[in-house]
$ cat protein34.tsv   # TSV, C-alpha atoms and all ligand atoms
chain	number	residue	atom	x	y	z
C	1	MET	CA	159.13	-2.08	-7.82
C	2	THR	CA	160.47	1.15	-9.14
C	3	GLN	CA	164.10	2.06	-8.88
C	4	ASP	CA	165.54	5.47	-9.33
C	5	HIS	CA	168.20	4.67	-11.82
C	6	GLY	CA	169.92	7.98	-11.82
C	7	ILE	CA	170.60	8.69	-8.24
C	8	ASP	CA	172.37	5.92	-6.40
C	9	ARG	CA	175.83	7.41	-6.10
C	10	ARG	CA	176.70	5.54	-2.95
C	11	THR	CA	177.58	2.57	-5.04
C	12	ALA	CA	180.69	2.32	-7.10
C	13	ILE	CA	180.26	3.79	-10.51
C	14	THR	CA	181.15	1.67	-13.44
C	15	ALA	CA	181.94	2.89	-16.89
C	16	LEU	CA	181.50	0.35	-19.59
C	17	GLY	CA	181.06	-0.06	-23.26
C	18	ALA	CA	178.87	-2.79	-24.60
C	19	GLY	CA	181.46	-3.69	-27.22
C	20	ALA	CA	183.74	-5.02	-24.56
C	21	LEU	CA	182.91	-5.36	-20.93
C	22	GLY	CA	184.24	-2.11	-19.62
C	23	ILE	CA	184.30	-2.91	-15.99
C	24	ALA	CA	187.75	-1.50	-15.48
C	25	ALA	CA	186.74	1.99	-14.53
C	26	THR	CA	185.36	1.36	-11.08
C	27	THR	CA	186.07	4.04	-8.53
C	28	SER	CA	184.59	5.28	-5.33
C	29	ALA	CA	181.35	7.06	-5.97
C	30	SER	CA	182.20	9.81	-3.55
C	31	SER	CA	184.36	11.38	-6.22
C	32	GLY	CA	181.97	10.53	-9.01
C	33	VAL	CA	184.95	10.39	-11.33
C	34	SER	CA	185.89	7.27	-13.20
C	35	ALA	CA	189.04	6.22	-14.94
C	36	ALA	CA	187.22	6.71	-18.22
C	37	GLY	CA	187.54	10.46	-17.88
C	38	GLY	CA	184.42	11.08	-15.87
C	39	HIS	CA	182.06	9.60	-18.41
C	40	VAL	CA	180.14	7.27	-16.19
C	41	PHE	CA	177.58	4.85	-17.45
C	42	LEU	CA	175.85	2.25	-15.27
C	43	THR	CA	176.28	2.10	-11.52
C	44	ALA	CA	177.12	-1.23	-9.96
C	45	ASN	CA	173.50	-1.57	-8.83
C	46	GLU	CA	172.20	-0.79	-12.28
C	47	LEU	CA	174.58	-3.16	-14.02
C	48	GLY	CA	174.07	-5.93	-11.49
C	49	TYR	CA	177.38	-6.24	-9.64
C	50	ASP	CA	177.70	-7.37	-6.05
C	51	ALA	CA	180.86	-5.65	-4.87
C	52	ASP	CA	180.91	-7.57	-1.59
C	53	GLY	CA	180.65	-10.94	-3.26
C	54	HIS	CA	182.81	-9.87	-6.21
C	55	THR	CA	180.25	-11.39	-8.51
C	56	TYR	CA	177.75	-10.26	-11.12
C	57	VAL	CA	174.06	-10.61	-10.34
C	58	LEU	CA	170.81	-10.39	-12.29
C	59	PRO	CA	169.14	-7.04	-11.60
C	60	ASP	CA	165.39	-7.03	-11.07
C	61	LEU	CA	163.21	-5.51	-13.74
C	62	PRO	CA	162.23	-1.97	-12.71
C	63	TYR	CA	158.57	-2.80	-13.55
C	64	ALA	CA	156.22	-5.78	-13.73
C	65	TYR	CA	156.76	-8.44	-16.40
C	66	ASP	CA	153.58	-7.37	-18.17
C	67	ALA	CA	154.28	-3.63	-17.95
C	68	LEU	CA	155.39	-3.30	-21.56
C	69	GLU	CA	152.34	-4.99	-23.08
C	70	PRO	CA	151.17	-4.93	-25.78
C	71	VAL	CA	154.54	-3.89	-27.28
C	72	ILE	CA	156.45	-6.68	-25.50
C	73	ASP	CA	154.38	-9.50	-23.98
C	74	GLU	CA	154.74	-10.86	-20.46
C	75	GLN	CA	155.96	-14.32	-21.48
C	76	THR	CA	158.71	-12.87	-23.66
C	77	MET	CA	159.85	-10.68	-20.76
C	78	ARG	CA	159.87	-13.62	-18.33
C	79	ILE	CA	161.91	-15.84	-20.62
C	80	HIS	CA	164.18	-13.04	-21.76
C	81	HIS	CA	164.99	-11.74	-18.27
C	82	ASP	CA	164.79	-14.91	-16.15
C	83	LYS	CA	166.40	-17.31	-18.63
C	84	HIS	CA	168.47	-15.49	-21.24
C	85	HIS	CA	169.83	-12.64	-19.15
C	86	ALA	CA	170.36	-14.94	-16.16
C	87	GLY	CA	172.36	-17.20	-18.46
C	88	TYR	CA	174.65	-14.33	-19.44
C	89	VAL	CA	175.25	-13.53	-15.78
C	90	ARG	CA	176.21	-17.15	-15.12
C	91	GLY	CA	178.42	-17.21	-18.21
C	92	LEU	CA	180.16	-14.00	-17.15
C	93	ASN	CA	180.89	-15.27	-13.65
C	94	ARG	CA	182.02	-18.63	-15.05
C	95	ALA	CA	184.44	-16.93	-17.44
C	96	LEU	CA	185.92	-14.83	-14.64
C	97	THR	CA	186.31	-17.89	-12.41
C	98	ASN	CA	188.13	-19.79	-15.13
C	99	LEU	CA	190.38	-16.84	-15.98
C	100	ALA	CA	191.26	-16.50	-12.30
C	101	ALA	CA	192.13	-20.19	-12.21
C	102	ILE	CA	194.47	-19.70	-15.16
C	103	ARG	CA	196.15	-16.83	-13.32
C	104	ASN	CA	196.46	-18.96	-10.21
C	105	GLY	CA	198.05	-21.81	-12.09
C	106	THR	CA	195.16	-24.23	-11.55
C	107	GLY	CA	193.37	-23.62	-14.84
C	108	ASP	CA	194.11	-24.70	-18.39
C	109	ALA	CA	196.14	-21.85	-19.85
C	110	SER	CA	195.51	-23.08	-23.38
C	111	LEU	CA	191.88	-22.02	-22.95
C	112	ILE	CA	192.56	-18.36	-22.34
C	113	LYS	CA	191.24	-17.39	-25.77
C	114	HIS	CA	188.05	-19.35	-25.14
C	115	TRP	CA	187.40	-17.80	-21.75
C	116	SER	CA	188.30	-14.34	-22.99
C	117	ARG	CA	185.68	-14.71	-25.72
C	118	GLU	CA	183.19	-15.96	-23.15
C	119	LEU	CA	183.96	-12.94	-20.99
C	120	ALA	CA	183.30	-10.53	-23.85
C	121	PHE	CA	180.12	-12.29	-25.00
C	122	HIS	CA	178.47	-12.87	-21.63
C	123	GLY	CA	179.77	-9.65	-20.07
C	124	SER	CA	178.39	-7.65	-22.96
C	125	GLY	CA	175.16	-9.64	-22.79
C	126	HIS	CA	174.83	-8.74	-19.13
C	127	ALA	CA	175.55	-5.04	-19.69
C	128	ASN	CA	173.36	-4.78	-22.76
C	129	HIS	CA	170.32	-6.33	-21.06
C	130	SER	CA	170.75	-4.37	-17.83
C	131	LEU	CA	170.65	-1.19	-19.90
C	132	PHE	CA	167.81	-2.52	-22.06
C	133	TRP	CA	165.45	-3.13	-19.09
C	134	MET	CA	166.28	0.27	-17.61
C	135	THR	CA	165.55	2.21	-20.75
C	136	MET	CA	162.04	0.86	-21.27
C	137	THR	CA	158.75	1.71	-19.57
C	138	ALA	CA	155.00	1.27	-20.01
C	139	PRO	CA	153.86	2.25	-23.51
C	140	GLY	CA	153.47	5.95	-23.95
C	141	SER	CA	154.88	6.87	-20.53
C	142	GLY	CA	158.51	7.47	-21.45
C	143	ALA	CA	158.28	11.24	-22.00
C	144	GLU	CA	160.51	12.96	-24.57
C	145	PRO	CA	164.27	13.50	-24.72
C	146	SER	CA	165.45	16.28	-22.42
C	147	ALA	CA	166.46	19.60	-23.96
C	148	ALA	CA	170.14	18.67	-23.74
C	149	LEU	CA	169.60	15.28	-25.32
C	150	ALA	CA	167.34	16.71	-28.01
C	151	GLU	CA	170.04	19.28	-28.83
C	152	ILE	CA	172.75	16.67	-29.43
C	153	ILE	CA	170.32	14.48	-31.38
C	154	ASN	CA	169.48	17.41	-33.63
C	155	ARG	CA	173.14	18.30	-34.03
C	156	SER	CA	174.15	14.70	-34.78
C	157	PHE	CA	171.29	13.58	-37.01
C	158	GLY	CA	169.36	16.67	-38.10
C	159	SER	CA	166.23	15.89	-36.09
C	160	ILE	CA	164.75	13.40	-33.66
C	161	ALA	CA	162.69	11.95	-36.49
C	162	LYS	CA	165.83	11.38	-38.58
C	163	MET	CA	167.58	9.75	-35.64
C	164	LYS	CA	164.64	7.39	-35.14
C	165	MET	CA	164.55	6.59	-38.85
C	166	HIS	CA	168.27	5.85	-38.88
C	167	PHE	CA	168.12	3.85	-35.65
C	168	ALA	CA	165.14	1.78	-36.80
C	169	ALA	CA	166.66	1.07	-40.21
C	170	ALA	CA	169.94	-0.01	-38.64
C	171	ALA	CA	168.19	-2.23	-36.07
C	172	LYS	CA	166.02	-3.89	-38.71
C	173	ALA	CA	169.05	-4.57	-40.90
C	174	VAL	CA	171.28	-6.19	-38.27
C	175	GLU	CA	172.50	-9.45	-39.77
C	176	GLY	CA	171.44	-12.36	-37.57
C	177	SER	CA	171.33	-11.76	-33.83
C	178	GLY	CA	172.32	-8.38	-32.54
C	179	TRP	CA	171.44	-4.91	-31.35
C	180	GLY	CA	170.71	-1.46	-32.66
C	181	TRP	CA	172.57	1.21	-30.69
C	182	LEU	CA	172.46	4.90	-30.01
C	183	ALA	CA	175.86	5.75	-28.53
C	184	TYR	CA	177.69	8.85	-27.34
C	185	GLU	CA	181.21	9.57	-28.48
C	186	PRO	CA	182.84	11.84	-25.91
C	187	ALA	CA	185.70	12.87	-28.22
C	188	SER	CA	183.44	14.48	-30.80
C	189	GLY	CA	180.55	15.25	-28.51
C	190	THR	CA	178.18	13.61	-30.95
C	191	LEU	CA	175.88	10.62	-31.04
C	192	GLN	CA	176.23	7.66	-33.38
C	193	VAL	CA	173.80	5.00	-34.52
C	194	LEU	CA	175.54	1.63	-34.72
C	195	GLN	CA	174.66	-1.96	-35.42
C	196	GLY	CA	175.84	-4.65	-33.02
C	197	GLU	CA	176.27	-8.26	-34.05
C	198	LYS	CA	175.79	-10.87	-31.33
C	199	GLN	CA	176.22	-9.02	-28.04
C	200	GLN	CA	179.56	-7.36	-28.55
C	201	ASN	CA	180.69	-6.94	-32.15
C	202	MET	CA	180.75	-3.79	-34.27
C	203	LEU	CA	180.38	-1.24	-31.51
C	204	THR	CA	182.99	1.47	-31.96
C	205	THR	CA	185.60	1.43	-29.24
C	206	GLY	CA	185.40	4.71	-27.39
C	207	VAL	CA	181.66	5.24	-27.54
C	208	LEU	CA	179.30	4.92	-24.59
C	209	PRO	CA	176.05	3.07	-25.29
C	210	LEU	CA	173.05	5.18	-24.41
C	211	LEU	CA	170.09	3.24	-25.80
C	212	GLY	CA	169.94	-0.17	-27.42
C	213	ILE	CA	167.28	-2.40	-28.89
C	214	ASP	CA	167.71	-6.15	-28.68
C	215	VAL	CA	166.88	-7.64	-32.07
C	216	TRP	CA	167.73	-11.24	-31.26
C	217	GLU	CA	164.70	-13.36	-32.11
C	218	HIS	CA	164.23	-14.23	-28.42
C	219	ALA	CA	163.35	-10.55	-27.86
C	220	TYR	CA	160.28	-10.59	-30.11
C	221	TYR	CA	159.55	-13.94	-31.73
C	222	LEU	CA	156.60	-15.06	-29.57
C	223	ASN	CA	154.63	-11.94	-30.39
C	224	TYR	CA	155.96	-10.84	-33.76
C	225	GLN	CA	157.31	-14.10	-35.24
C	226	ASN	CA	159.57	-13.11	-38.14
C	227	ARG	CA	158.34	-9.51	-38.28
C	228	ARG	CA	161.34	-7.78	-36.73
C	229	GLY	CA	160.41	-4.53	-38.43
C	230	ASP	CA	157.04	-4.40	-36.68
C	231	TYR	CA	158.75	-4.99	-33.34
C	232	VAL	CA	161.31	-2.23	-33.96
C	233	ASP	CA	158.63	0.24	-35.02
C	234	ALA	CA	156.45	-0.57	-31.99
C	235	TRP	CA	159.42	-0.49	-29.59
C	236	PHE	CA	159.86	3.29	-29.69
C	237	ASP	CA	156.60	3.50	-27.72
C	238	VAL	CA	158.25	1.87	-24.69
C	239	VAL	CA	161.51	3.84	-24.73
C	240	ASN	CA	161.99	5.61	-21.42
C	241	TRP	CA	163.44	8.91	-22.58
C	242	SER	CA	163.50	10.18	-19.01
C	243	VAL	CA	166.03	7.50	-18.09
C	244	VAL	CA	167.96	7.91	-21.33
C	245	SER	CA	168.17	11.65	-20.74
C	246	ARG	CA	169.47	11.06	-17.22
C	247	LEU	CA	172.10	8.63	-18.49
C	248	PHE	CA	173.16	11.22	-21.05
C	249	ASN	CA	173.46	13.87	-18.35
C	250	ARG	CA	175.60	11.53	-16.31
C	251	MET	CA	177.91	10.83	-19.27
C	252	THR	CA	178.39	14.48	-20.02
C	253	GLY	CA	178.12	15.96	-16.56
M	301	MN3	MN	168.38	-10.61	-25.42

$ encode --input "protein34.tsv" --output "structure tokens"
Amino acid sequence: MTQDHGIDRRTAITALGAGALGIAATTSASSGVSAAGGHVFLTANELGYDADGHTYVLPDLPYAYDALEPVIDEQTMRIHHDKHHAGYVRGLNRALTNLAAIRNGTGDASLIKHWSRELAFHGSGHANHSLFWMTMTAPGSGAEPSAALAEIINRSFGSIAKMKMHFAAAAKAVEGSGWGWLAYEPASGTLQVLQGEKQQNMLTTGVLPLLGIDVWEHAYYLNYQNRRGDYVDAWFDVVNWSVVSRLFNRMTG
């Protein structure tokens, strides 16, 4: 199944940052303007949010489980999507249920710090993975960055090659479980490469994640064992620059 990730404007548009679940900026899509100043990121469909049920849901992969082979193997994709990502969706909904109970006076108010942390961790896990699946495609089929995206990459890093070098080095050097990020900062109109620890730490507040690589061991261990660097280097071959370019257009449009 192939989804057109850039087009579905009938759904509410959600602006979010992976550093903290940025669900706040939900507006009607008819205006196309969000409370985050018009810098939209994932739609509700893309993120996996059921507005009718007021609950988060696991989005389908936009390709077959084996589509990314040999870069990412089928079994890794099945476990990663069906188990890990599904677990983050459950954790996110559970955190919201418990926070609602605290507001309603039926929950344990002393646990608000715990459930707030759960919200940030699982909510970021959900957002990160929804973006991650979207921004990959069959090896070698992801085209190149659009002219507009290439221009800001060149302006921010000097060249696409330098951006990739910086991104790969940052991703390989993440301490423990985390993510490598390419993010857009609207204020400066530039891109940043950032490291993320766990799902949600170290991402600059105010940037919009554009492309991220999951460097938790569950993302690569079956195929690459401890060789994270080999995984990161191979991963560029499955980046879907067409989708990334469209997300960038949406952020800046
Ligand atoms: Mn993961």

$ residues_around --input "protein34.tsv" --residues "Ile102 in chain C" --least-positions-apart "3" --cutoff "12 Å" --atoms "all atoms listed in the file" --output "VMD selection string"
chain C and resid 95 to 99 105 to 116

$ closest_atom_pairs --input "protein34.tsv" --of "chain C" --to "ligand MN3 301 (chain M)" --cutoff "10 Å" --atoms "all atoms listed in the file" --output "tab-separated table"
residue	atom	partner	partner_atom	distance
C:Met77	CA	M:MN3_301	MN	9.7
C:Ile79	CA	M:MN3_301	MN	9.6
C:His80	CA	M:MN3_301	MN	6.1
C:His81	CA	M:MN3_301	MN	8.0
C:Lys83	CA	M:MN3_301	MN	9.7
C:His84	CA	M:MN3_301	MN	6.4
C:His85	CA	M:MN3_301	MN	6.7
C:Tyr88	CA	M:MN3_301	MN	9.4
C:Gly125	CA	M:MN3_301	MN	7.3
C:His126	CA	M:MN3_301	MN	9.2
C:Asn128	CA	M:MN3_301	MN	8.1
C:His129	CA	M:MN3_301	MN	6.4
C:Phe132	CA	M:MN3_301	MN	8.8
C:Ser177	CA	M:MN3_301	MN	9.0
C:Gly178	CA	M:MN3_301	MN	8.4
C:Trp179	CA	M:MN3_301	MN	8.8
C:Lys198	CA	M:MN3_301	MN	9.5
C:Gln199	CA	M:MN3_301	MN	8.4
C:Ile213	CA	M:MN3_301	MN	9.0
C:Asp214	CA	M:MN3_301	MN	5.6
C:Val215	CA	M:MN3_301	MN	7.4
C:Trp216	CA	M:MN3_301	MN	5.9
C:Glu217	CA	M:MN3_301	MN	8.1
C:His218	CA	M:MN3_301	MN	6.3
C:Ala219	CA	M:MN3_301	MN	5.6
C:Tyr220	CA	M:MN3_301	MN	9.4

$ atom_distance --input "protein34.tsv" --atom1 "CA of Arg155 in chain C" --atom2 "CA of Leu191 in chain C"
8.7 Å

$ atom_distance --input "protein34.tsv" --atom1 "CA of His122 in chain C" --atom2 "CA of Gln200 in chain C"
8.9 Å

$ residues_around --input "protein34.tsv" --residues "Ala150 in chain C" --least-positions-apart "2" --cutoff "12 Å" --atoms "all atoms listed in the file" --output "list in words"
Glu144, Pro145, Ser146, Ala147, Ala148, Ile152, Ile153, Asn154, Arg155, Ser156, Phe157, Gly158, Ser159, Ile160, Ala161, Lys162, Met163, Thr190, Leu191, Trp241, Ser242, Val244, Ser245, Phe248 and Asn249 of chain C

$ atom_distance --input "protein34.tsv" --atom1 "CA of Gln225 in chain C" --atom2 "CA of Ala138 in chain C"
21.8 Å

$ residues_around --input "protein34.tsv" --residues "Ser141 in chain C" --least-positions-apart "3" --cutoff "12 Å" --atoms "all atoms listed in the file" --output "PyMOL selection string"
chain C and resi 67-68+135-138+144+236-243

$ closest_residue --input "protein34.tsv" --among "C:Ala173, C:Ala187, C:Leu210, C:Leu92" --to "Gly229 in chain C" --atoms "all atoms listed in the file"
C:Ala173

$ residues_around --input "protein34.tsv" --residues "Gly180 in chain C" --least-positions-apart "4" --cutoff "9 Å" --atoms "all atoms listed in the file" --output "JSON, numbers by chain"
{"C": [167, 168, 169, 170, 171, 172, 173, 174, 193, 194, 195, 196, 197, 211, 212, 213, 214, 215]}

$ closest_residue --input "protein34.tsv" --among "C:Asp60, C:Asn45, C:Tyr65, C:Thr76" --to "Tyr224 in chain C" --atoms "all atoms listed in the file"
C:Thr76

$ closest_residue --input "protein34.tsv" --among "C:Gly206, C:Trp235, C:Asn93, C:Asn104" --to "Gly53 in chain C" --atoms "all atoms listed in the file"
C:Asn93

$ residues_around --input "protein34.tsv" --residues "Val57 in chain C" --least-positions-apart "4" --cutoff "8 Å" --atoms "all atoms listed in the file" --output "PyMOL selection string"
chain C and resi 48-50+89
